[in-house]
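Dumped data.cif below, it's mmCIF, C-alpha atoms:
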```cif
data_structure
loop_
_atom_site.group_PDB
_atom_site.id
_atom_site.type_symbol
_atom_site.label_atom_id
_atom_site.label_comp_id
_atom_site.auth_asym_id
_atom_site.auth_seq_id
_atom_site.Cartn_x
_atom_site.Cartn_y
_atom_site.Cartn_z
ATOM 1 C CA MET A 23 22.490 1.461 -4.127
ATOM 2 C CA SER A 24 18.990 2.149 -5.455
ATOM 3 C CA LYS A 25 16.694 4.743 -3.957
ATOM 4 C CA LEU A 26 12.965 4.516 -3.359
ATOM 5 C CA ARG A 27 11.516 6.620 -6.196
ATOM 6 C CA MET A 28 7.878 6.481 -5.119
ATOM 7 C CA PRO A 29 7.450 8.171 -1.731
ATOM 8 C CA VAL A 30 5.375 6.526 0.968
ATOM 9 C CA THR A 31 1.826 7.907 1.005
ATOM 10 C CA GLU A 32 -1.480 7.273 2.753
ATOM 11 C CA GLN A 33 -2.452 5.011 -0.187
ATOM 12 C CA ASP A 34 0.253 2.520 0.822
ATOM 13 C CA HIS A 35 -0.558 -0.440 3.033
ATOM 14 C CA HIS A 36 1.214 0.339 6.254
ATOM 15 C CA THR A 37 1.400 -0.604 9.879
ATOM 16 C CA GLY A 38 3.219 0.853 12.812
ATOM 17 C CA ASN A 39 4.005 4.395 13.799
ATOM 18 C CA PRO A 40 3.783 6.860 10.864
ATOM 19 C CA LYS A 41 6.111 9.178 12.798
ATOM 20 C CA ALA A 42 8.762 6.490 13.352
ATOM 21 C CA LYS A 43 12.291 7.350 12.346
ATOM 22 C CA ILE A 44 12.646 3.990 10.579
ATOM 23 C CA ILE A 45 10.519 3.366 7.487
ATOM 24 C CA LEU A 46 10.796 -0.124 6.019
ATOM 25 C CA VAL A 47 9.239 -0.692 2.592
ATOM 26 C CA GLU A 48 8.928 -4.175 1.112
ATOM 27 C CA TYR A 49 8.193 -4.935 -2.513
ATOM 28 C CA GLY A 50 6.798 -8.443 -2.295
ATOM 29 C CA ASP A 51 5.244 -11.251 -4.300
ATOM 30 C CA TYR A 52 2.730 -13.499 -2.536
ATOM 31 C CA GLN A 53 3.871 -16.635 -4.346
ATOM 32 C CA CYS A 54 7.612 -16.001 -3.929
ATOM 33 C CA PRO A 55 9.118 -18.518 -1.485
ATOM 34 C CA HIS A 56 11.742 -15.930 -0.438
ATOM 35 C CA CYS A 57 8.946 -13.502 0.505
ATOM 36 C CA GLY A 58 7.337 -16.347 2.426
ATOM 37 C CA ILE A 59 10.579 -16.753 4.396
ATOM 38 C CA ALA A 60 10.740 -12.990 5.058
ATOM 39 C CA HIS A 61 7.100 -12.726 6.184
ATOM 40 C CA PRO A 62 7.602 -13.947 9.784
ATOM 41 C CA PHE A 63 10.774 -11.830 10.036
ATOM 42 C CA ILE A 64 8.758 -8.717 9.190
ATOM 43 C CA LYS A 65 6.088 -9.622 11.749
ATOM 44 C CA ARG A 66 8.810 -10.090 14.365
ATOM 45 C CA LEU A 67 10.465 -6.758 13.467
ATOM 46 C CA ILE A 68 7.138 -4.957 13.801
ATOM 47 C CA LYS A 69 6.603 -6.527 17.209
ATOM 48 C CA GLU A 70 10.142 -5.978 18.510
ATOM 49 C CA PHE A 71 10.696 -2.447 17.207
ATOM 50 C CA GLY A 72 7.176 -1.258 18.019
ATOM 51 C CA ARG A 73 6.794 2.505 17.725
ATOM 52 C CA GLU A 74 10.277 2.889 16.225
ATOM 53 C CA LEU A 75 9.223 1.214 12.942
ATOM 54 C CA PHE A 76 6.785 2.038 10.169
ATOM 55 C CA PHE A 77 6.275 -0.832 7.700
ATOM 56 C CA VAL A 78 4.898 -0.512 4.158
ATOM 57 C CA PHE A 79 4.033 -3.398 1.830
ATOM 58 C CA ARG A 80 3.863 -2.902 -1.937
ATOM 59 C CA ASN A 81 2.874 -5.462 -4.548
ATOM 60 C CA PHE A 82 5.495 -6.711 -6.972
ATOM 61 C CA PRO A 83 3.993 -9.835 -8.582
ATOM 62 C CA LEU A 84 6.560 -11.626 -10.748
ATOM 63 C CA GLN A 85 4.000 -13.275 -13.000
ATOM 64 C CA GLU A 86 6.414 -15.115 -15.278
ATOM 65 C CA VAL A 87 7.893 -17.121 -12.410
ATOM 66 C CA HIS A 88 4.911 -17.069 -10.073
ATOM 67 C CA PRO A 89 1.709 -17.475 -12.089
ATOM 68 C CA ALA A 90 -0.619 -16.973 -9.093
ATOM 69 C CA ALA A 91 1.185 -13.867 -7.789
ATOM 70 C CA MET A 92 -1.013 -11.395 -9.629
ATOM 71 C CA ILE A 93 -4.332 -12.939 -8.588
ATOM 72 C CA ALA A 94 -3.047 -13.089 -4.996
ATOM 73 C CA ALA A 95 -2.087 -9.386 -5.082
ATOM 74 C CA LEU A 96 -5.498 -8.556 -6.534
ATOM 75 C CA ALA A 97 -7.161 -10.624 -3.796
ATOM 76 C CA ALA A 98 -5.276 -8.716 -1.080
ATOM 77 C CA GLU A 99 -6.302 -5.411 -2.663
ATOM 78 C CA ALA A 100 -9.919 -6.544 -2.993
ATOM 79 C CA ALA A 101 -9.885 -7.537 0.693
ATOM 80 C CA ASN A 102 -8.536 -4.061 1.463
ATOM 81 C CA LEU A 103 -11.763 -2.561 0.106
ATOM 82 C CA GLN A 104 -13.527 -4.396 2.945
ATOM 83 C CA GLY A 105 -10.941 -3.328 5.530
ATOM 84 C CA LYS A 106 -9.134 -6.659 5.666
ATOM 85 C CA PHE A 107 -5.874 -6.089 3.778
ATOM 86 C CA TRP A 108 -3.499 -7.267 6.510
ATOM 87 C CA GLU A 109 -5.643 -10.291 7.373
ATOM 88 C CA MET A 110 -5.665 -11.361 3.706
ATOM 89 C CA HIS A 111 -1.967 -10.507 3.330
ATOM 90 C CA ASP A 112 -1.064 -12.794 6.229
ATOM 91 C CA ILE A 113 -3.365 -15.662 5.283
ATOM 92 C CA ILE A 114 -2.115 -15.645 1.673
ATOM 93 C CA PHE A 115 1.476 -16.012 2.885
ATOM 94 C CA GLU A 116 0.375 -18.806 5.226
ATOM 95 C CA HIS A 117 -1.125 -20.652 2.217
ATOM 96 C CA GLN A 118 1.287 -19.590 -0.510
ATOM 97 C CA ASP A 119 1.996 -23.179 -1.589
ATOM 98 C CA SER A 120 -1.595 -23.658 -2.772
ATOM 99 C CA LEU A 121 -2.612 -20.391 -4.415
ATOM 100 C CA SER A 122 -5.366 -20.483 -7.015
ATOM 101 C CA ALA A 123 -8.495 -18.493 -7.760
ATOM 102 C CA ASN A 124 -10.498 -21.086 -5.818
ATOM 103 C CA SER A 125 -8.218 -21.097 -2.785
ATOM 104 C CA LEU A 126 -8.215 -17.283 -2.673
ATOM 105 C CA LEU A 127 -12.021 -17.247 -2.711
ATOM 106 C CA ASN A 128 -11.976 -19.754 0.141
ATOM 107 C CA LEU A 129 -9.574 -17.530 2.085
ATOM 108 C CA ALA A 130 -11.875 -14.546 1.497
ATOM 109 C CA LYS A 131 -14.777 -16.623 2.806
ATOM 110 C CA ALA A 132 -12.729 -17.695 5.859
ATOM 111 C CA LEU A 133 -12.069 -14.011 6.622
ATOM 112 C CA GLY A 134 -15.786 -13.276 6.503
ATOM 113 C CA LEU A 135 -15.599 -11.057 3.422
ATOM 114 C CA LYS A 136 -18.714 -10.349 1.377
ATOM 115 C CA LEU A 137 -17.929 -12.713 -1.479
ATOM 116 C CA GLU A 138 -20.004 -11.009 -4.162
ATOM 117 C CA LYS A 139 -18.309 -7.671 -3.471
ATOM 118 C CA PHE A 140 -14.910 -9.362 -3.193
ATOM 119 C CA ALA A 141 -15.328 -11.091 -6.588
ATOM 120 C CA LYS A 142 -16.399 -7.828 -8.224
ATOM 121 C CA ASP A 143 -13.591 -5.793 -6.617
ATOM 122 C CA TRP A 144 -11.010 -8.462 -7.469
ATOM 123 C CA GLU A 145 -11.490 -7.635 -11.168
ATOM 124 C CA SER A 146 -12.055 -3.884 -10.808
ATOM 125 C CA LYS A 147 -9.950 -1.229 -12.519
ATOM 126 C CA GLU A 148 -9.261 0.344 -9.106
ATOM 127 C CA VAL A 149 -7.696 -2.844 -7.725
ATOM 128 C CA ILE A 150 -5.760 -3.628 -10.909
ATOM 129 C CA SER A 151 -4.430 -0.047 -11.022
ATOM 130 C CA LYS A 152 -3.227 -0.256 -7.403
ATOM 131 C CA VAL A 153 -1.178 -3.384 -8.120
ATOM 132 C CA GLU A 154 0.162 -1.955 -11.388
ATOM 133 C CA ASN A 155 1.125 1.330 -9.681
ATOM 134 C CA ASP A 156 2.982 -0.537 -6.932
ATOM 135 C CA PHE A 157 4.803 -2.585 -9.563
ATOM 136 C CA GLU A 158 5.691 0.508 -11.603
ATOM 137 C CA GLY A 159 7.062 2.209 -8.485
ATOM 138 C CA GLY A 160 9.225 -0.834 -7.856
ATOM 139 C CA ILE A 161 10.589 -0.809 -11.397
ATOM 140 C CA ARG A 162 11.400 2.906 -11.103
ATOM 141 C CA SER A 163 13.190 2.189 -7.809
ATOM 142 C CA GLY A 164 15.372 -0.534 -9.334
ATOM 143 C CA VAL A 165 13.495 -3.555 -7.965
ATOM 144 C CA ASN A 166 14.143 -6.664 -10.046
ATOM 145 C CA GLY A 167 13.417 -9.420 -7.547
ATOM 146 C CA THR A 168 11.491 -10.131 -4.386
ATOM 147 C CA PRO A 169 11.578 -9.448 -1.600
ATOM 148 C CA SER A 170 13.210 -6.062 -2.068
ATOM 149 C CA PHE A 171 13.525 -3.876 0.996
ATOM 150 C CA PHE A 172 14.113 -0.158 1.354
ATOM 151 C CA ILE A 173 15.012 1.390 4.689
ATOM 152 C CA ASN A 174 14.475 5.138 4.884
ATOM 153 C CA GLY A 175 14.514 5.290 1.098
ATOM 154 C CA ASN A 176 17.691 3.268 0.501
ATOM 155 C CA GLN A 177 17.603 -0.231 -0.921
ATOM 156 C CA LEU A 178 18.851 -2.862 1.509
ATOM 157 C CA SER A 179 21.524 -4.965 -0.162
ATOM 158 C CA SER A 180 22.567 -6.973 2.895
ATOM 159 C CA TYR A 181 19.395 -9.059 3.353
ATOM 160 C CA ASP A 182 20.393 -12.744 3.324
ATOM 161 C CA GLU A 183 17.100 -14.433 4.255
ATOM 162 C CA SER A 184 17.783 -14.154 7.965
ATOM 163 C CA TYR A 185 16.022 -12.192 10.644
ATOM 164 C CA GLU A 186 19.405 -10.936 11.848
ATOM 165 C CA SER A 187 20.245 -9.253 8.537
ATOM 166 C CA LEU A 188 16.976 -7.306 8.592
ATOM 167 C CA ALA A 189 17.154 -6.486 12.293
ATOM 168 C CA SER A 190 20.761 -5.271 12.120
ATOM 169 C CA ALA A 191 19.927 -2.980 9.166
ATOM 170 C CA VAL A 192 17.016 -1.544 11.135
ATOM 171 C CA GLN A 193 19.030 -1.290 14.372
ATOM 172 C CA SER A 194 21.786 0.655 12.632
ATOM 173 C CA LEU A 195 19.271 3.484 12.218
ATOM 174 C CA GLU A 196 18.009 3.553 15.805
#
```
Write the structure described by the file as structure tokens, please.
Amino acid sequence: MSKLRMPVTEQDHHTGNPKAKIILVEYGDYQCPHCGIAHPFIKRLIKEFGRELFFVFRNFPLQEVHPAAMIAALAAEAANLQGKFWEMHDIIFEHQDSLSANSLLNLAKALGLKLEKFAKDWESKEVISKVENDFEGGIRSGVNGTPSFFINGNQLSSYDESYESLASAVQSLE
């Protein structure tokens, strides 16, 4: 079983209780259909486990299989610089079947982002570095596909694209 090699920090995108005893980290790809299936499961876990769960999302764009994954990750990071990471994260997953530079700009507009700043940030070294650092951390942790989950630092091998497999792994730590 692989271990999470890059510890969770304030630079990670996170939601939930930072003092929770359960830390769930996902390495995800916005164009991956399996990540799209997992997305509502994660939202449900966050809602059902409340203060017992701390969730972290890290970018792991598999560009060879998902050509729009990198631009989607960059778009989410650019939205983060305007305080809208989670809104962009969610809306990208909701529209993952039609990802393109144009559609991502339209999503940014729909979220009320300042488009000139968004376009500039989308191509910035800061945003590119964030995605590359997430990806590198995934590689060092043994990630080779998406979604890859780590619970309290240990890679989850029992996820079978069902809410129950995620929930039971989380519940076992309660």
At most 12 Å from (7.2, -8.8, -7.7), file frame, all atoms listed in the file: which residues, as an mmCIF file with C-alpha atoms, keeping the file's coordinate frame?
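This is the output file result.cif:
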```cif
data_model
loop_
_atom_site.group_PDB
_atom_site.id
_atom_site.type_symbol
_atom_site.label_atom_id
_atom_site.label_comp_id
_atom_site.auth_asym_id
_atom_site.auth_seq_id
_atom_site.Cartn_x
_atom_site.Cartn_y
_atom_site.Cartn_z
ATOM 1 C CA GLU A 48 8.928 -4.175 1.112
ATOM 2 C CA TYR A 49 8.193 -4.935 -2.513
ATOM 3 C CA GLY A 50 6.798 -8.443 -2.295
ATOM 4 C CA ASP A 51 5.244 -11.251 -4.300
ATOM 5 C CA TYR A 52 2.730 -13.499 -2.536
ATOM 6 C CA GLN A 53 3.871 -16.635 -4.346
ATOM 7 C CA CYS A 54 7.612 -16.001 -3.929
ATOM 8 C CA PRO A 55 9.118 -18.518 -1.485
ATOM 9 C CA HIS A 56 11.742 -15.930 -0.438
ATOM 10 C CA CYS A 57 8.946 -13.502 0.505
ATOM 11 C CA PHE A 79 4.033 -3.398 1.830
ATOM 12 C CA ARG A 80 3.863 -2.902 -1.937
ATOM 13 C CA ASN A 81 2.874 -5.462 -4.548
ATOM 14 C CA PHE A 82 5.495 -6.711 -6.972
ATOM 15 C CA PRO A 83 3.993 -9.835 -8.582
ATOM 16 C CA LEU A 84 6.560 -11.626 -10.748
ATOM 17 C CA GLN A 85 4.000 -13.275 -13.000
ATOM 18 C CA GLU A 86 6.414 -15.115 -15.278
ATOM 19 C CA VAL A 87 7.893 -17.121 -12.410
ATOM 20 C CA HIS A 88 4.911 -17.069 -10.073
ATOM 21 C CA PRO A 89 1.709 -17.475 -12.089
ATOM 22 C CA ALA A 90 -0.619 -16.973 -9.093
ATOM 23 C CA ALA A 91 1.185 -13.867 -7.789
ATOM 24 C CA MET A 92 -1.013 -11.395 -9.629
ATOM 25 C CA ALA A 94 -3.047 -13.089 -4.996
ATOM 26 C CA ALA A 95 -2.087 -9.386 -5.082
ATOM 27 C CA VAL A 153 -1.178 -3.384 -8.120
ATOM 28 C CA GLU A 154 0.162 -1.955 -11.388
ATOM 29 C CA ASN A 155 1.125 1.330 -9.681
ATOM 30 C CA ASP A 156 2.982 -0.537 -6.932
ATOM 31 C CA PHE A 157 4.803 -2.585 -9.563
ATOM 32 C CA GLU A 158 5.691 0.508 -11.603
ATOM 33 C CA GLY A 159 7.062 2.209 -8.485
ATOM 34 C CA GLY A 160 9.225 -0.834 -7.856
ATOM 35 C CA ILE A 161 10.589 -0.809 -11.397
ATOM 36 C CA GLY A 164 15.372 -0.534 -9.334
ATOM 37 C CA VAL A 165 13.495 -3.555 -7.965
ATOM 38 C CA ASN A 166 14.143 -6.664 -10.046
ATOM 39 C CA GLY A 167 13.417 -9.420 -7.547
ATOM 40 C CA THR A 168 11.491 -10.131 -4.386
ATOM 41 C CA PRO A 169 11.578 -9.448 -1.600
ATOM 42 C CA SER A 170 13.210 -6.062 -2.068
ATOM 43 C CA PHE A 171 13.525 -3.876 0.996
#
```
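In this model, the gap between atom CA of Arg27 of chain A and atom CA of Val47 of chain A comes to 11.7 Å.
Using only C-alpha atoms, the nearest neighbour of Ala123 of chain A within the list A:Ile93, A:Trp144, A:Ile68, A:Gln33 is A:Ile93.
Between Ala101 of chain A and the residues A:Lys142, A:Gly72, A:Asn124, A:Ile64, the shortest atom-to-atom distance, using only C-alpha atoms, involves A:Lys142.
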Enclose the full set of atoms of segment 180-183 of chain A listed in the file within a box whose edges lie along x, y and z, apply 5 Å of padding to each of the six sides, and report centre and edge lengths in Å to one decimal as AutoDock Vina command-line options.
```
--center_x 19.8 --center_y -10.7 --center_z 3.6 --size_x 15.5 --size_y 17.5 --size_z 11.4
```
Met23 of chain A: which residues within 12 Å, counting all atoms listed in the file, same-chain residues fewer than 3 positions away excluded, as a PDB file with C-alpha atoms, keeping the file's coordinate frame?
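This went into selection.pdb:
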```pdb
ATOM      1  CA  LEU A  26      12.965   4.516  -3.359  1.00  0.00           C
ATOM      2  CA  SER A 163      13.190   2.189  -7.809  1.00  0.00           C
ATOM      3  CA  GLY A 164      15.372  -0.534  -9.334  1.00  0.00           C
ATOM      4  CA  VAL A 165      13.495  -3.555  -7.965  1.00  0.00           C
ATOM      5  CA  PHE A 171      13.525  -3.876   0.996  1.00  0.00           C
ATOM      6  CA  PHE A 172      14.113  -0.158   1.354  1.00  0.00           C
ATOM      7  CA  ILE A 173      15.012   1.390   4.689  1.00  0.00           C
ATOM      8  CA  GLY A 175      14.514   5.290   1.098  1.00  0.00           C
ATOM      9  CA  ASN A 176      17.691   3.268   0.501  1.00  0.00           C
ATOM     10  CA  GLN A 177      17.603  -0.231  -0.921  1.00  0.00           C
ATOM     11  CA  LEU A 178      18.851  -2.862   1.509  1.00  0.00           C
ATOM     12  CA  SER A 179      21.524  -4.965  -0.162  1.00  0.00           C
ATOM     13  CA  SER A 180      22.567  -6.973   2.895  1.00  0.00           C
TER      14      SER A 180
END
```
What's the 10 Å shell around Glu116 of chain A, counting only C-alpha atoms, without same-chain residues fewer than 2 positions away, as a PyMOL selection string? chain A and resi 52+58+61-62+110-114+118-120
Counting only C-alpha atoms, closest pick from A:Ala130, A:Glu145, A:Ala189, A:Glu99 relative to Lys69 of chain A is A:Ala189
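As for atom CA of Asn174 of chain A and atom CA of Ile44 of chain A, they are spaced 6.1 Å apart.
The gap separating atom CA of Phe140 of chain A from atom CA of Gly105 of chain A is 11.3 Å, in Å to one decimal.
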